[in-house]
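Right, one structure below, let's go through it.
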Amino acid sequence: MAYSGKVIDHYENPRNVGSLNKESLNVGTGLVGAPACGDVMKLQIQVSETGVIEDAKFKTFGCGSAIASSSLATEWIKGMTLEQAMSVRNTQIVQELNLPPVKIHCSVLAEDAIKSAIADYRRKQRGAQVQSSLGGS
Amino acid sequence: MICWSCEKNAGDGMLCAGCGAVQPPDRTADHFRVFGLPRKFDLDVADLERRYKEMTKVLHPDRFARADGRARRASLERSVQLNLAWRTLSQPVARAEYLLSLQGVAVGEPTGSMRSERPDNRATQPVDTALLVEVMELREALAEARARGDSAKVATLVAGVQVLHDKEMAEVAAGFAAGQPNLAAIAARLVAGRYYRRFLEEAEPHEGEEGPAK
């Protein structure tokens with residue numbers, strides 16, 4: 001498999017590998033998998049009070065393209081608002097990393113992971129609002 | 001089928017019932033029919049292997065070295081079809097996935113397409129979250145055990161995942177044995193099995209040789 005230089009760079013020097021505290025209210029966790037290849041990808045975001053992603057971490061067990069896609073994704077979404085991060089498309093990842101057609105699903109996985117992390121964050125925030133409106137201090 | 005050589009009824013075997021000329025394969029035949037077997041998961045692999053070896057002998061290239069071009073081509077096409085059928089049916093995982101595909105169920109098919117091209121706007125087939133959580137924990141435990149050089153822990157993890165894998169495959173067999181197989185449930189078991197196999201592949205070849213990161 002001939003990987004592009006950018007894929008190899010992200011694979012050998014992945015950015016933002018690690019975990020954030022998934023119990024924390026301002027952390028959203030996305031966990032997605034590609035059944036076709038048995039890859040699993042975790043992407044976490046830490047969101048500021050103004051709705052900006054101030055930190056992002058990932059852990060991916062899969063091929064080089066899946067690792068590079070999630071590494072790039074965390075790099076991109078840091079500093080983005082949730083709305084901006086929602087609009088990141090897998091096609092942008094494909095272009096940046098020059099992924100071959102058989103590896104496009106890796107970029108799709110990264111996009112799904114971002115969306116899933118944002119959804120998890122929003123769910124937590126809604127839950128917290130319900131809690132406080134019920135008078136639970 | 002009319003035999004291309006003697007132009008009489010050839011029957012439905014590999015060779016013409018009348019003149020013995022090898023007949024081109026029926027391209028519409030599924031892998032089971034290639035062996036003259038019914039479509040079912042539970043098959044006797046020893047019996048399958050006997051059939052495979054017998055048919056391979058009949059189609060051996062040496063027998064067609066000096067044969068007519070049409071006979072050579074027919075025997076070659078038969079061999080290709082036979083080998084693909086053998087590779088698929090002799091392996092339980094491939095056999096199970098093939099049986100599902102015959103009924104229109106793809107097991108975690110790679111999407112391979114851009115999101116916009118997908119009508120349901122879903123990028124990947126959903127995988128059971130509990131499975132993903134479990135696999136993530138297992139993979140993290142494996143990475144940590146390796147980083148510590150703890151080969152005993154790696155071996156324990158591998159043994160545990162092997163049990164999980166075999167259990168899923170036993171459930172696949174049980175699923176097909178049911179009167180009305182629940183194909184979606186079988187597909188989910190096969191996806192779980194695939195995740196466990198990926199873990200085992202990842203764990204085996206590098207075992208013990210993983211040093212501290214450079």
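Ligands are numbered from 1 in the order shown, residues from 1 within each chain, and chains are lettered A, B, ... in the order they appear in the structure tokens.
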Give me the chain A side of the contact with chain B, cut-off 7 Å, one line per residue showing its nearest atom pair and distance in Å at one decimal, counting only C-alpha atoms, sorted by chain and residue number, as a Markdown table.
```
| residue | atom | partner | partner_atom | distance |
| --- | --- | --- | --- | --- |
| A:Gly33 | CA | B:Val127 | CA | 6.1 |
| A:Ala34 | CA | B:Thr124 | CA | 6.3 |
| A:Pro35 | CA | B:Gly108 | CA | 4.5 |
| A:Ala36 | CA | B:Gly108 | CA | 4.5 |
| A:Gly38 | CA | B:Tyr195 | CA | 4.6 |
| A:Val40 | CA | B:Leu132 | CA | 6.7 |
| A:Thr91 | CA | B:Met114 | CA | 6.9 |
| A:Pro101 | CA | B:Gly112 | CA | 6.5 |
| A:Val102 | CA | B:Gly112 | CA | 6.1 |
| A:Ile104 | CA | B:Gly112 | CA | 5.6 |
| A:His105 | CA | B:Gly112 | CA | 5.2 |
| A:Val108 | CA | B:Ala123 | CA | 5.7 |
| A:Leu109 | CA | B:Thr124 | CA | 6.9 |
| A:Asp112 | CA | B:Ala123 | CA | 6.9 |
```
For the structure I just gave you, how does DSSP split stretch 14-136 of chain A - specifically, which residues are strand (DSSP E)? Reply as a list in words.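 Selection result, strand (DSSP E) within stretch 14-136 of chain A: Val27, Gly28, Thr29, Gly30, Leu31, Val32, Gly33, Ala34, Asp39, Val40, Met41, Lys42, Leu43, Gln44, Ile45, Gln46, Val47, Ile53, Glu54, Asp55, Ala56, Lys57, Phe58, Lys59, Thr60 and Phe61 of chain A.
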Skip stretch 23-28 of chain B itself and residues of its chain fewer than 4 positions away, then list as a list in words all residues within 8 Å of it, counting only C-alpha atoms.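 Near neighbours after the sequence-gap exclusion: Cys3, Trp4, Ala10, Gly13, Met14, Leu15, Cys16, Ala71, Arg73, Ala74, Ser75, Glu77, Arg78 and Gln81 of chain B.
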Contacts of stretch 95-101 of chain B at 8 Å or less, counting only C-alpha atoms, minus same-chain residues fewer than 2 places along, as a short mmCIF file (atom, residue, chain, number, x, y, z; two decimals) with all heavy atoms, in the first residue's frame?
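The new file out_5.cif reads:
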```cif
data_model
loop_
_atom_site.label_atom_id
_atom_site.label_comp_id
_atom_site.auth_asym_id
_atom_site.auth_seq_id
_atom_site.Cartn_x
_atom_site.Cartn_y
_atom_site.Cartn_z
N ARG B 39 -27.67 -25.02 -0.43
CA ARG B 39 -27.23 -23.82 0.29
C ARG B 39 -27.48 -23.95 1.77
O ARG B 39 -28.60 -23.82 2.25
CB ARG B 39 -28.04 -22.60 -0.18
CG ARG B 39 -27.63 -22.03 -1.50
CD ARG B 39 -28.47 -20.79 -1.72
NE ARG B 39 -28.27 -20.31 -3.07
CZ ARG B 39 -28.85 -19.20 -3.54
NH1 ARG B 39 -29.67 -18.50 -2.78
NH2 ARG B 39 -28.63 -18.81 -4.79
N LYS B 40 -26.46 -24.28 2.52
CA LYS B 40 -26.61 -24.25 3.97
C LYS B 40 -25.26 -24.07 4.63
O LYS B 40 -24.23 -24.39 4.06
CB LYS B 40 -27.33 -25.50 4.49
CG LYS B 40 -26.61 -26.80 4.22
CD LYS B 40 -27.42 -27.95 4.82
CE LYS B 40 -26.67 -29.24 4.60
NZ LYS B 40 -26.35 -30.02 5.73
N PHE B 41 -25.32 -23.52 5.85
CA PHE B 41 -24.08 -23.20 6.55
C PHE B 41 -23.39 -24.46 7.06
O PHE B 41 -22.18 -24.62 6.96
CB PHE B 41 -24.36 -22.25 7.72
CG PHE B 41 -23.12 -21.92 8.49
CD1 PHE B 41 -22.17 -21.04 7.96
CD2 PHE B 41 -22.87 -22.49 9.73
CE1 PHE B 41 -21.01 -20.74 8.65
CE2 PHE B 41 -21.71 -22.18 10.43
CZ PHE B 41 -20.77 -21.31 9.89
N THR B 88 -14.21 -20.07 -0.64
CA THR B 88 -15.32 -19.44 0.07
C THR B 88 -15.98 -20.40 1.05
O THR B 88 -16.21 -20.07 2.21
CB THR B 88 -16.36 -18.91 -0.92
OG1 THR B 88 -15.70 -18.07 -1.87
CG2 THR B 88 -17.46 -18.12 -0.21
N LEU B 89 -16.27 -21.60 0.57
CA LEU B 89 -17.06 -22.52 1.40
C LEU B 89 -16.25 -23.26 2.44
O LEU B 89 -16.79 -23.70 3.46
CB LEU B 89 -17.80 -23.53 0.50
CG LEU B 89 -18.79 -22.94 -0.49
CD1 LEU B 89 -19.62 -24.05 -1.11
CD2 LEU B 89 -19.71 -21.90 0.16
N SER B 90 -14.94 -23.40 2.23
CA SER B 90 -14.16 -24.18 3.19
C SER B 90 -13.89 -23.39 4.48
O SER B 90 -13.57 -23.97 5.50
CB SER B 90 -12.84 -24.64 2.56
OG SER B 90 -12.11 -23.53 2.08
N GLN B 91 -14.03 -22.06 4.42
CA GLN B 91 -13.81 -21.23 5.61
C GLN B 91 -15.16 -20.82 6.20
O GLN B 91 -15.96 -20.20 5.49
CB GLN B 91 -13.02 -19.96 5.23
CG GLN B 91 -11.67 -20.24 4.60
CD GLN B 91 -10.77 -21.04 5.52
OE1 GLN B 91 -10.76 -20.83 6.73
NE2 GLN B 91 -10.04 -22.00 4.94
N PRO B 92 -15.39 -21.10 7.47
CA PRO B 92 -16.71 -20.79 8.06
C PRO B 92 -17.10 -19.32 7.94
O PRO B 92 -18.25 -19.02 7.63
CB PRO B 92 -16.56 -21.20 9.52
CG PRO B 92 -15.36 -22.07 9.60
CD PRO B 92 -14.51 -21.79 8.41
N VAL B 93 -16.13 -18.41 8.16
CA VAL B 93 -16.48 -16.99 8.11
C VAL B 93 -16.88 -16.59 6.69
O VAL B 93 -17.93 -15.96 6.48
CB VAL B 93 -15.29 -16.12 8.57
CG1 VAL B 93 -15.59 -14.65 8.35
CG2 VAL B 93 -14.99 -16.38 10.04
N GLN B 103 -28.48 -13.68 0.20
CA GLN B 103 -29.81 -13.21 0.59
C GLN B 103 -29.84 -11.69 0.74
O GLN B 103 -30.69 -11.13 1.44
CB GLN B 103 -30.23 -13.91 1.89
CG GLN B 103 -30.39 -15.41 1.63
CD GLN B 103 -30.61 -16.20 2.90
OE1 GLN B 103 -31.71 -16.23 3.42
NE2 GLN B 103 -29.55 -16.80 3.39
N GLY B 104 -28.85 -11.05 0.12
CA GLY B 104 -28.88 -9.59 0.06
C GLY B 104 -28.39 -8.88 1.31
O GLY B 104 -28.60 -7.69 1.45
N VAL B 105 -27.75 -9.61 2.23
CA VAL B 105 -27.25 -8.97 3.44
C VAL B 105 -25.72 -8.85 3.35
O VAL B 105 -25.02 -9.86 3.28
CB VAL B 105 -27.63 -9.77 4.70
CG1 VAL B 105 -27.05 -9.11 5.96
CG2 VAL B 105 -29.13 -9.89 4.81
N ALA B 106 -25.22 -7.61 3.32
CA ALA B 106 -23.77 -7.39 3.28
C ALA B 106 -23.29 -7.20 4.71
O ALA B 106 -23.90 -6.46 5.47
CB ALA B 106 -23.45 -6.17 2.44
N VAL B 107 -22.22 -7.88 5.05
CA VAL B 107 -21.69 -7.76 6.41
C VAL B 107 -20.67 -6.64 6.45
O VAL B 107 -19.56 -6.77 5.97
CB VAL B 107 -21.03 -9.08 6.86
CG1 VAL B 107 -20.48 -8.93 8.28
CG2 VAL B 107 -22.04 -10.20 6.79
N VAL B 172 -23.11 -17.85 15.34
CA VAL B 172 -23.40 -17.77 13.90
C VAL B 172 -23.94 -19.12 13.41
O VAL B 172 -24.96 -19.18 12.73
CB VAL B 172 -22.13 -17.36 13.11
CG1 VAL B 172 -22.32 -17.60 11.60
CG2 VAL B 172 -21.79 -15.90 13.38
N LEU B 183 -31.18 -12.98 9.91
CA LEU B 183 -29.98 -12.64 9.15
C LEU B 183 -29.25 -11.43 9.72
O LEU B 183 -28.02 -11.38 9.76
CB LEU B 183 -30.33 -12.41 7.68
CG LEU B 183 -31.00 -13.58 6.96
CD1 LEU B 183 -31.26 -13.24 5.50
CD2 LEU B 183 -30.15 -14.85 7.06
N ALA B 187 -25.45 -11.28 10.97
CA ALA B 187 -24.49 -10.30 10.44
C ALA B 187 -23.79 -9.56 11.58
O ALA B 187 -22.58 -9.31 11.52
CB ALA B 187 -25.21 -9.32 9.51
N LEU B 190 -21.15 -11.66 13.01
CA LEU B 190 -19.98 -11.74 12.13
C LEU B 190 -19.13 -10.48 12.24
O LEU B 190 -17.90 -10.55 12.17
CB LEU B 190 -20.43 -11.95 10.67
CG LEU B 190 -20.91 -13.37 10.37
CD1 LEU B 190 -21.61 -13.43 9.01
CD2 LEU B 190 -19.74 -14.35 10.38
#
```
For a quick check of understanding, using only C-alpha atoms, which of A:Ala68, A:Val47, A:Ala56, A:Val32 has the smallest distance to A:Asp9?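 Of the candidates, the smallest distance to A:Asp9 is held by A:Ala68.
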Fewer than 6 positions away in the same chain doesn't count, so skip those; otherwise give me all residues within 12 Å of A:Leu25, counting only C-alpha atoms, as an MDAnalysis selection string. chainID A and resid 45:49 120:129
Please write the residues from the selection above to a file, keeping N, CA and C atoms, as a PDB file, in the first residue's frame.
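result_16.pdb, freshly written:
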```pdb
ATOM      1  N   ILE A  45     -13.705  15.805  22.320  1.00  0.00           N
ATOM      2  CA  ILE A  45     -13.540  17.260  22.251  1.00  0.00           C
ATOM      3  C   ILE A  45     -13.801  17.856  23.626  1.00  0.00           C
ATOM      4  N   GLN A  46     -13.063  18.907  23.930  1.00  0.00           N
ATOM      5  CA  GLN A  46     -13.315  19.670  25.149  1.00  0.00           C
ATOM      6  C   GLN A  46     -13.762  21.051  24.700  1.00  0.00           C
ATOM      7  N   VAL A  47     -14.956  21.469  25.164  1.00  0.00           N
ATOM      8  CA  VAL A  47     -15.591  22.670  24.632  1.00  0.00           C
ATOM      9  C   VAL A  47     -15.606  23.774  25.686  1.00  0.00           C
ATOM     10  N   SER A  48     -15.240  24.973  25.262  1.00  0.00           N
ATOM     11  CA  SER A  48     -15.229  26.109  26.188  1.00  0.00           C
ATOM     12  C   SER A  48     -16.658  26.618  26.395  1.00  0.00           C
ATOM     13  N   GLU A  49     -16.819  27.545  27.362  1.00  0.00           N
ATOM     14  CA  GLU A  49     -18.162  28.075  27.630  1.00  0.00           C
ATOM     15  C   GLU A  49     -18.716  28.850  26.448  1.00  0.00           C
ATOM     16  N   ASP A 120     -22.594  13.862  21.480  1.00  0.00           N
ATOM     17  CA  ASP A 120     -22.441  13.432  22.879  1.00  0.00           C
ATOM     18  C   ASP A 120     -22.314  14.649  23.794  1.00  0.00           C
ATOM     19  N   TYR A 121     -21.533  15.645  23.359  1.00  0.00           N
ATOM     20  CA  TYR A 121     -21.368  16.869  24.153  1.00  0.00           C
ATOM     21  C   TYR A 121     -22.727  17.560  24.338  1.00  0.00           C
ATOM     22  N   ARG A 122     -23.474  17.702  23.267  1.00  0.00           N
ATOM     23  CA  ARG A 122     -24.775  18.395  23.333  1.00  0.00           C
ATOM     24  C   ARG A 122     -25.764  17.642  24.213  1.00  0.00           C
ATOM     25  N   ARG A 123     -25.710  16.333  24.132  1.00  0.00           N
ATOM     26  CA  ARG A 123     -26.604  15.506  24.957  1.00  0.00           C
ATOM     27  C   ARG A 123     -26.295  15.760  26.433  1.00  0.00           C
ATOM     28  N   LYS A 124     -25.028  15.801  26.758  1.00  0.00           N
ATOM     29  CA  LYS A 124     -24.618  16.045  28.147  1.00  0.00           C
ATOM     30  C   LYS A 124     -25.084  17.418  28.616  1.00  0.00           C
ATOM     31  N   GLN A 125     -24.904  18.421  27.740  1.00  0.00           N
ATOM     32  CA  GLN A 125     -25.289  19.788  28.114  1.00  0.00           C
ATOM     33  C   GLN A 125     -26.790  19.881  28.335  1.00  0.00           C
ATOM     34  N   ARG A 126     -27.566  19.262  27.467  1.00  0.00           N
ATOM     35  CA  ARG A 126     -29.027  19.254  27.639  1.00  0.00           C
ATOM     36  C   ARG A 126     -29.387  18.584  28.949  1.00  0.00           C
ATOM     37  N   GLY A 127     -28.740  17.483  29.223  1.00  0.00           N
ATOM     38  CA  GLY A 127     -28.994  16.763  30.468  1.00  0.00           C
ATOM     39  C   GLY A 127     -28.710  17.638  31.671  1.00  0.00           C
ATOM     40  N   ALA A 128     -27.617  18.417  31.575  1.00  0.00           N
ATOM     41  CA  ALA A 128     -27.248  19.294  32.689  1.00  0.00           C
ATOM     42  C   ALA A 128     -28.285  20.395  32.869  1.00  0.00           C
ATOM     43  N   GLN A 129     -28.804  20.910  31.734  1.00  0.00           N
ATOM     44  CA  GLN A 129     -29.826  21.955  31.822  1.00  0.00           C
ATOM     45  C   GLN A 129     -31.085  21.424  32.489  1.00  0.00           C
TER      46      GLN A 129
END
```
Using only C-alpha atoms, which protein or nucleic acid residues come within 10 Å of A:Val7? Drop anything in the same chain fewer than 4 positions from it, and give the result as a PyMOL selection string. chain A and resi 2-3+11-14+64-69+71-72+96-99
Alpha helix (DSSP H) call set, DSSP backbone run, chain B, as a ChimeraX atom specification: /B:31-34,45-58,69-90,92-102,129-148,151-177,183-203
Near-B:Arg72 list (12 Å; only C-alpha atoms; drop same-chain fewer than 4 positions) as a PDB file with N, CA, C and O atoms, in the first residue's frame:
```pdb
ATOM      1  N   ALA B  21     -16.220 -34.825 -23.209  1.00  0.00           N
ATOM      2  CA  ALA B  21     -15.561 -33.522 -23.363  1.00  0.00           C
ATOM      3  C   ALA B  21     -15.933 -32.620 -22.189  1.00  0.00           C
ATOM      4  O   ALA B  21     -17.077 -32.635 -21.737  1.00  0.00           O
ATOM      5  N   VAL B  22     -14.947 -31.834 -21.721  1.00  0.00           N
ATOM      6  CA  VAL B  22     -15.225 -30.950 -20.593  1.00  0.00           C
ATOM      7  C   VAL B  22     -16.154 -29.829 -21.066  1.00  0.00           C
ATOM      8  O   VAL B  22     -15.987 -29.275 -22.150  1.00  0.00           O
ATOM      9  N   GLN B  23     -17.165 -29.531 -20.212  1.00  0.00           N
ATOM     10  CA  GLN B  23     -18.167 -28.534 -20.577  1.00  0.00           C
ATOM     11  C   GLN B  23     -17.881 -27.195 -19.891  1.00  0.00           C
ATOM     12  O   GLN B  23     -17.405 -27.167 -18.751  1.00  0.00           O
ATOM     13  N   PRO B  24     -18.147 -26.086 -20.585  1.00  0.00           N
ATOM     14  CA  PRO B  24     -17.933 -24.795 -19.925  1.00  0.00           C
ATOM     15  C   PRO B  24     -18.837 -24.677 -18.694  1.00  0.00           C
ATOM     16  O   PRO B  24     -19.911 -25.290 -18.658  1.00  0.00           O
ATOM     17  N   LEU B  59     -10.108 -31.807 -13.602  1.00  0.00           N
ATOM     18  CA  LEU B  59      -9.815 -30.576 -14.346  1.00  0.00           C
ATOM     19  C   LEU B  59      -8.321 -30.287 -14.456  1.00  0.00           C
ATOM     20  O   LEU B  59      -7.930 -29.228 -14.932  1.00  0.00           O
ATOM     21  N   HIS B  60      -7.495 -31.222 -14.011  1.00  0.00           N
ATOM     22  CA  HIS B  60      -6.050 -30.951 -13.972  1.00  0.00           C
ATOM     23  C   HIS B  60      -5.521 -30.512 -15.344  1.00  0.00           C
ATOM     24  O   HIS B  60      -5.796 -31.166 -16.348  1.00  0.00           O
ATOM     25  N   PRO B  61      -4.752 -29.439 -15.401  1.00  0.00           N
ATOM     26  CA  PRO B  61      -4.258 -28.901 -16.680  1.00  0.00           C
ATOM     27  C   PRO B  61      -3.502 -29.926 -17.522  1.00  0.00           C
ATOM     28  O   PRO B  61      -3.563 -29.886 -18.753  1.00  0.00           O
ATOM     29  N   ASP B  62      -2.796 -30.850 -16.865  1.00  0.00           N
ATOM     30  CA  ASP B  62      -2.045 -31.861 -17.615  1.00  0.00           C
ATOM     31  C   ASP B  62      -2.954 -32.654 -18.547  1.00  0.00           C
ATOM     32  O   ASP B  62      -2.535 -33.104 -19.608  1.00  0.00           O
ATOM     33  N   ARG B  63      -4.186 -32.818 -18.117  1.00  0.00           N
ATOM     34  CA  ARG B  63      -5.107 -33.619 -18.926  1.00  0.00           C
ATOM     35  C   ARG B  63      -5.541 -32.877 -20.187  1.00  0.00           C
ATOM     36  O   ARG B  63      -6.128 -33.454 -21.086  1.00  0.00           O
ATOM     37  N   PHE B  64      -5.310 -31.541 -20.185  1.00  0.00           N
ATOM     38  CA  PHE B  64      -5.787 -30.756 -21.320  1.00  0.00           C
ATOM     39  C   PHE B  64      -4.649 -30.120 -22.114  1.00  0.00           C
ATOM     40  O   PHE B  64      -4.871 -29.276 -22.963  1.00  0.00           O
ATOM     41  N   ALA B  65      -3.422 -30.557 -21.803  1.00  0.00           N
ATOM     42  CA  ALA B  65      -2.254 -29.935 -22.415  1.00  0.00           C
ATOM     43  C   ALA B  65      -2.330 -30.003 -23.946  1.00  0.00           C
ATOM     44  O   ALA B  65      -1.986 -29.037 -24.625  1.00  0.00           O
ATOM     45  N   ARG B  66      -2.825 -31.117 -24.436  1.00  0.00           N
ATOM     46  CA  ARG B  66      -2.865 -31.256 -25.897  1.00  0.00           C
ATOM     47  C   ARG B  66      -4.286 -31.258 -26.427  1.00  0.00           C
ATOM     48  O   ARG B  66      -4.558 -31.681 -27.527  1.00  0.00           O
ATOM     49  N   ALA B  67      -5.209 -30.770 -25.591  1.00  0.00           N
ATOM     50  CA  ALA B  67      -6.616 -30.801 -25.981  1.00  0.00           C
ATOM     51  C   ALA B  67      -6.975 -29.630 -26.884  1.00  0.00           C
ATOM     52  O   ALA B  67      -6.198 -28.687 -27.038  1.00  0.00           O
ATOM     53  N   ASP B  68      -8.138 -29.708 -27.437  1.00  0.00           N
ATOM     54  CA  ASP B  68      -8.719 -28.650 -28.257  1.00  0.00           C
ATOM     55  C   ASP B  68      -8.789 -27.338 -27.445  1.00  0.00           C
ATOM     56  O   ASP B  68      -8.956 -27.367 -26.226  1.00  0.00           O
ATOM     57  N   LEU B  76     -10.203 -24.517 -17.820  1.00  0.00           N
ATOM     58  CA  LEU B  76      -9.615 -23.424 -17.045  1.00  0.00           C
ATOM     59  C   LEU B  76     -10.714 -22.638 -16.322  1.00  0.00           C
ATOM     60  O   LEU B  76     -10.609 -22.319 -15.129  1.00  0.00           O
ATOM     61  N   GLU B  77     -11.787 -22.334 -17.040  1.00  0.00           N
ATOM     62  CA  GLU B  77     -12.901 -21.589 -16.434  1.00  0.00           C
ATOM     63  C   GLU B  77     -13.528 -22.372 -15.287  1.00  0.00           C
ATOM     64  O   GLU B  77     -13.884 -21.821 -14.256  1.00  0.00           O
ATOM     65  N   ARG B  78     -13.632 -23.674 -15.499  1.00  0.00           N
ATOM     66  CA  ARG B  78     -14.155 -24.538 -14.435  1.00  0.00           C
ATOM     67  C   ARG B  78     -13.255 -24.493 -13.207  1.00  0.00           C
ATOM     68  O   ARG B  78     -13.721 -24.462 -12.072  1.00  0.00           O
ATOM     69  N   SER B  79     -11.925 -24.514 -13.464  1.00  0.00           N
ATOM     70  CA  SER B  79     -10.974 -24.509 -12.343  1.00  0.00           C
ATOM     71  C   SER B  79     -11.081 -23.216 -11.540  1.00  0.00           C
ATOM     72  O   SER B  79     -11.060 -23.232 -10.316  1.00  0.00           O
TER      73      SER B  79
END
```
Could you tell me how far atom CA of A:Glu54 lies from atom CA of A:Ala73, in Å and to one decimal?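 So the two atoms, atom CA of A:Glu54 and atom CA of A:Ala73, lie 13.6 Å apart.
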Which residue out of A:Thr60, A:Gly135, A:Lys42, A:Met80 has the minimum interatomic distance to A:Leu20 when only C-alpha atoms are used?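 Among the listed residues, A:Lys42 lies closest to A:Leu20.
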